[in-house]
Amino acid sequence: MNEEQILKKLASAARGDGPPRIDVAERVLADLAVAGEPRNLLLWVFTATSAAAASVVAVLALRVWAARQDPFSDFLESMMAVMQ
Amino acid sequence: MASYATAALRGARGGGWDGLMDSVAGWAHSMAMDQPEAPDIQATLAGDSDAYERLVRRYQNEISQRMWRFTRDRGELEELVHDVFVEAYLSLKGFRGTGPFSHWLNRIATRVGYRFWKSQQRRARQEVPLQDWDGFAASEDGDIPAREAAELVHSLLAQLPPRDRMVLTLVYLEELSVAQAAERTGWSQTMVKVQAHRARKKLRALLEKAEELK
């Protein structure tokens with residue numbers, strides 16, 4: 001029996017074998033629905049998080065700016081005390 | 001198993017159903033209206049997900065049958081059928097209705113299956129036990145159960161590279177003509193003939209090797 005005969009015989013017998021019954025409709029639809037929306041949703045979440053983080057940084061920066069002083073002030077104060 | 005279609009979904013332009021709306025007008029003019037699926041395809045392109053669900057339910061058995069040639073594992077089968085319908089949805093705006101919808105869907109299925117085989121190529125190939133061949137060669141036509149024959153032919157073809165495996169599957173298992181196999185794969189008819197010839201040669205070498213090892 002040559003390779004073609006073997007293949008034909010096998011294929012003929014195998015044709016009667018059917019796949020298990022499956023249903024992918026819901027999963028396909030769910031995946032397609034998710035694919036359409038999350039990009040906008042993710043963008044909004046990312047924007048909101050960034051804005052919140054930026055606000056915190058801005059408030060902290062303002063407070064630090066208001067409380068800023070000469071870095072040598074402590075040193076100069078000590079020197080003044082010694083000199084007096 | 002990593003899903004190609006899921007990756008494609010991630011890469012798809014945002015907008016999902018909305019993304020297909022643009023093509024509705026042009027498509028409606030070009031599509032042959034005698035297609036039984038035409039209303040559902042048009043509705044899908046217009047954003048009706050129920051219409052696409054109807055299409056999936058109508059064709060999933062046929063596609064499942066097709067993909068059963070590519071894997072013998074139920075989980076992989078589900079994944080492959082899922083991938084076919086996701087890919088079909090993403091390409092639906094390209095369907096012009098010049099041929100039957102099922103032909104178009106089967107081309108996508110063949111592409112998905114071929115890609116699956118290529119991804120599996122690195123795996124160690126299963127050797128078909130020699131005693132199976134002895135038993136098969138000795139059996140009369142119809143003696144061998146369908147499932148057993150399917151397992152055997154699957155293991156045998158799995159020892160060939162994906163292109164050879166593809167052409168033999170289409171020509172022998174699906175009984176497609178050269179022209180039909182060319183249409184399904186997107187190859188030329190000459191390519192199909194050459195590929196089939198090479199594949200048979202490799203198969204012969206495999207069987208001869210098996211004989212020598214006896």
# chains A, B, ... in the order shown; residues from 1 in each chain; ligands from 1

call {"tool": "residues_around", "arguments": {"residues": "segment 3-5 of chain A", "least_positions_apart": "6", "cutoff": "8 Å", "atoms": "only C-alpha atoms", "output": "PyMOL selection string"}}
result
chain B and resi 200+203-204+207

call {"tool": "interface_residues", "arguments": {"of": "chain A", "to": "chain B", "cutoff": "8 Å", "atoms": "only C-alpha atoms", "output": "MDAnalysis selection string"}}
result
chainID A and resid 1:4 6:29 31:33 35:37 39:40

call {"tool": "write_last_selection", "arguments": {"atoms": "N, CA, C and O atoms", "output": "CSV table (one decimal), in the first residue's frame"}}
result
chain,number,residue,atom,x,y,z
A,1,MET,N,0.9,-1.2,0.0
A,1,MET,CA,0.0,0.0,0.0
A,1,MET,C,0.9,1.2,0.0
A,1,MET,O,1.7,1.4,0.9
A,2,ASN,N,0.8,2.1,-1.0
A,2,ASN,CA,1.6,3.3,-1.0
A,2,ASN,C,1.0,4.4,-0.2
A,2,ASN,O,-0.1,4.3,0.3
A,3,GLU,N,1.8,5.5,-0.1
A,3,GLU,CA,1.3,6.6,0.8
A,3,GLU,C,0.0,7.2,0.4
A,3,GLU,O,-0.8,7.6,1.3
A,4,GLU,N,-0.3,7.3,-0.9
A,4,GLU,CA,-1.5,7.9,-1.3
A,4,GLU,C,-2.7,7.0,-0.9
A,4,GLU,O,-3.8,7.5,-0.5
A,6,ILE,N,-2.8,4.8,1.5
A,6,ILE,CA,-2.9,4.9,3.0
A,6,ILE,C,-3.7,6.1,3.4
A,6,ILE,O,-4.6,6.1,4.2
A,7,LEU,N,-3.3,7.2,2.8
A,7,LEU,CA,-3.9,8.5,3.1
A,7,LEU,C,-5.4,8.5,2.7
A,7,LEU,O,-6.3,9.0,3.5
A,8,LYS,N,-5.7,8.0,1.5
A,8,LYS,CA,-7.1,8.0,1.1
A,8,LYS,C,-7.9,7.1,2.0
A,8,LYS,O,-9.1,7.4,2.3
A,9,LYS,N,-7.4,5.9,2.3
A,9,LYS,CA,-8.1,5.0,3.2
A,9,LYS,C,-8.4,5.6,4.6
A,9,LYS,O,-9.5,5.5,5.1
A,10,LEU,N,-7.3,6.2,5.1
A,10,LEU,CA,-7.4,6.8,6.4
A,10,LEU,C,-8.4,8.0,6.4
A,10,LEU,O,-9.3,8.1,7.3
A,11,ALA,N,-8.3,8.8,5.4
A,11,ALA,CA,-9.1,10.0,5.3
A,11,ALA,C,-10.6,9.6,5.1
A,11,ALA,O,-11.5,10.2,5.7
A,12,SER,N,-10.8,8.5,4.3
A,12,SER,CA,-12.2,8.1,4.1
A,12,SER,C,-12.8,7.6,5.5
A,12,SER,O,-13.9,7.9,5.8
A,13,ALA,N,-12.0,6.9,6.2
A,13,ALA,CA,-12.5,6.4,7.5
A,13,ALA,C,-12.7,7.5,8.5
A,13,ALA,O,-13.6,7.6,9.3
A,14,ALA,N,-11.7,8.5,8.4
A,14,ALA,CA,-11.7,9.6,9.4
A,14,ALA,C,-12.9,10.6,9.2
A,14,ALA,O,-13.2,11.3,10.1
A,15,ARG,N,-13.4,10.6,8.0
A,15,ARG,CA,-14.4,11.6,7.7
A,15,ARG,C,-15.7,11.4,8.5
A,15,ARG,O,-16.5,12.3,8.7
A,16,GLY,N,-15.9,10.2,9.0
A,16,GLY,CA,-17.1,10.0,9.9
A,16,GLY,C,-16.9,10.5,11.3
A,16,GLY,O,-17.9,10.5,12.1
A,17,ASP,N,-15.7,11.0,11.6
A,17,ASP,CA,-15.5,11.5,13.0
A,17,ASP,C,-15.8,13.0,13.1
A,17,ASP,O,-15.2,13.8,12.4
A,18,GLY,N,-16.8,13.3,13.9
A,18,GLY,CA,-17.2,14.7,14.1
A,18,GLY,C,-16.6,15.3,15.3
A,18,GLY,O,-16.2,14.6,16.3
A,19,PRO,N,-16.6,16.6,15.4
A,19,PRO,CA,-16.1,17.3,16.5
A,19,PRO,C,-17.0,17.3,17.7
A,19,PRO,O,-18.2,17.1,17.5
A,20,PRO,N,-16.5,17.5,18.9
A,20,PRO,CA,-17.5,17.7,20.1
A,20,PRO,C,-18.3,18.9,19.9
A,20,PRO,O,-17.9,19.9,19.2
A,21,ARG,N,-19.5,18.9,20.4
A,21,ARG,CA,-20.4,20.1,20.2
A,21,ARG,C,-19.9,21.2,21.1
A,21,ARG,O,-19.7,21.1,22.3
A,22,ILE,N,-19.7,22.4,20.5
A,22,ILE,CA,-19.3,23.6,21.3
A,22,ILE,C,-20.1,24.8,20.9
A,22,ILE,O,-20.8,24.8,19.8
A,23,ASP,N,-20.2,25.7,21.8
A,23,ASP,CA,-20.9,27.0,21.5
A,23,ASP,C,-20.0,28.2,21.9
A,23,ASP,O,-19.8,28.4,23.1
A,24,VAL,N,-19.6,28.9,20.9
A,24,VAL,CA,-18.6,30.0,21.2
A,24,VAL,C,-19.3,31.4,21.1
A,24,VAL,O,-18.7,32.4,21.3
A,25,ALA,N,-20.6,31.3,20.7
A,25,ALA,CA,-21.3,32.6,20.4
A,25,ALA,C,-21.2,33.7,21.5
A,25,ALA,O,-20.8,34.8,21.2
A,26,GLU,N,-21.5,33.2,22.7
A,26,GLU,CA,-21.5,34.2,23.8
A,26,GLU,C,-20.1,34.8,24.1
A,26,GLU,O,-19.9,36.0,24.3
A,27,ARG,N,-19.1,33.9,24.0
A,27,ARG,CA,-17.7,34.3,24.3
A,27,ARG,C,-17.2,35.3,23.2
A,27,ARG,O,-16.6,36.3,23.5
A,28,VAL,N,-17.6,35.0,22.0
A,28,VAL,CA,-17.2,35.8,20.9
A,28,VAL,C,-17.8,37.2,21.0
A,28,VAL,O,-17.1,38.2,21.0
A,29,LEU,N,-19.1,37.2,21.3
A,29,LEU,CA,-19.8,38.5,21.5
A,29,LEU,C,-19.2,39.3,22.7
A,29,LEU,O,-19.1,40.5,22.6
A,31,ASP,N,-16.2,39.1,23.9
A,31,ASP,CA,-14.9,39.7,23.6
A,31,ASP,C,-15.0,40.9,22.7
A,31,ASP,O,-14.2,41.8,22.8
A,32,LEU,N,-15.9,40.8,21.7
A,32,LEU,CA,-16.0,41.9,20.8
A,32,LEU,C,-16.6,43.1,21.5
A,32,LEU,O,-16.1,44.3,21.2
A,33,ALA,N,-17.5,42.9,22.4
A,33,ALA,CA,-18.0,44.1,23.2
A,33,ALA,C,-17.0,44.7,24.0
A,33,ALA,O,-16.8,45.9,24.1
A,35,ALA,N,-13.8,44.6,23.5
A,35,ALA,CA,-12.8,45.3,22.6
A,35,ALA,C,-13.2,46.6,22.2
A,35,ALA,O,-12.4,47.5,21.9
A,36,GLY,N,-14.5,46.9,22.1
A,36,GLY,CA,-15.0,48.2,21.6
A,36,GLY,C,-14.9,49.2,22.7
A,36,GLY,O,-14.7,50.4,22.4
A,37,GLU,N,-15.1,48.8,23.9
A,37,GLU,CA,-15.2,49.9,25.0
A,37,GLU,C,-14.0,50.2,25.8
A,37,GLU,O,-13.8,51.3,26.2
A,39,ARG,N,-11.0,50.8,25.6
A,39,ARG,CA,-10.0,51.8,25.2
A,39,ARG,C,-10.4,53.1,25.8
A,39,ARG,O,-9.6,53.8,26.4
A,40,ASN,N,-11.7,53.5,25.6
A,40,ASN,CA,-12.2,54.8,26.1
A,40,ASN,C,-12.2,54.8,27.7
A,40,ASN,O,-11.7,55.7,28.3
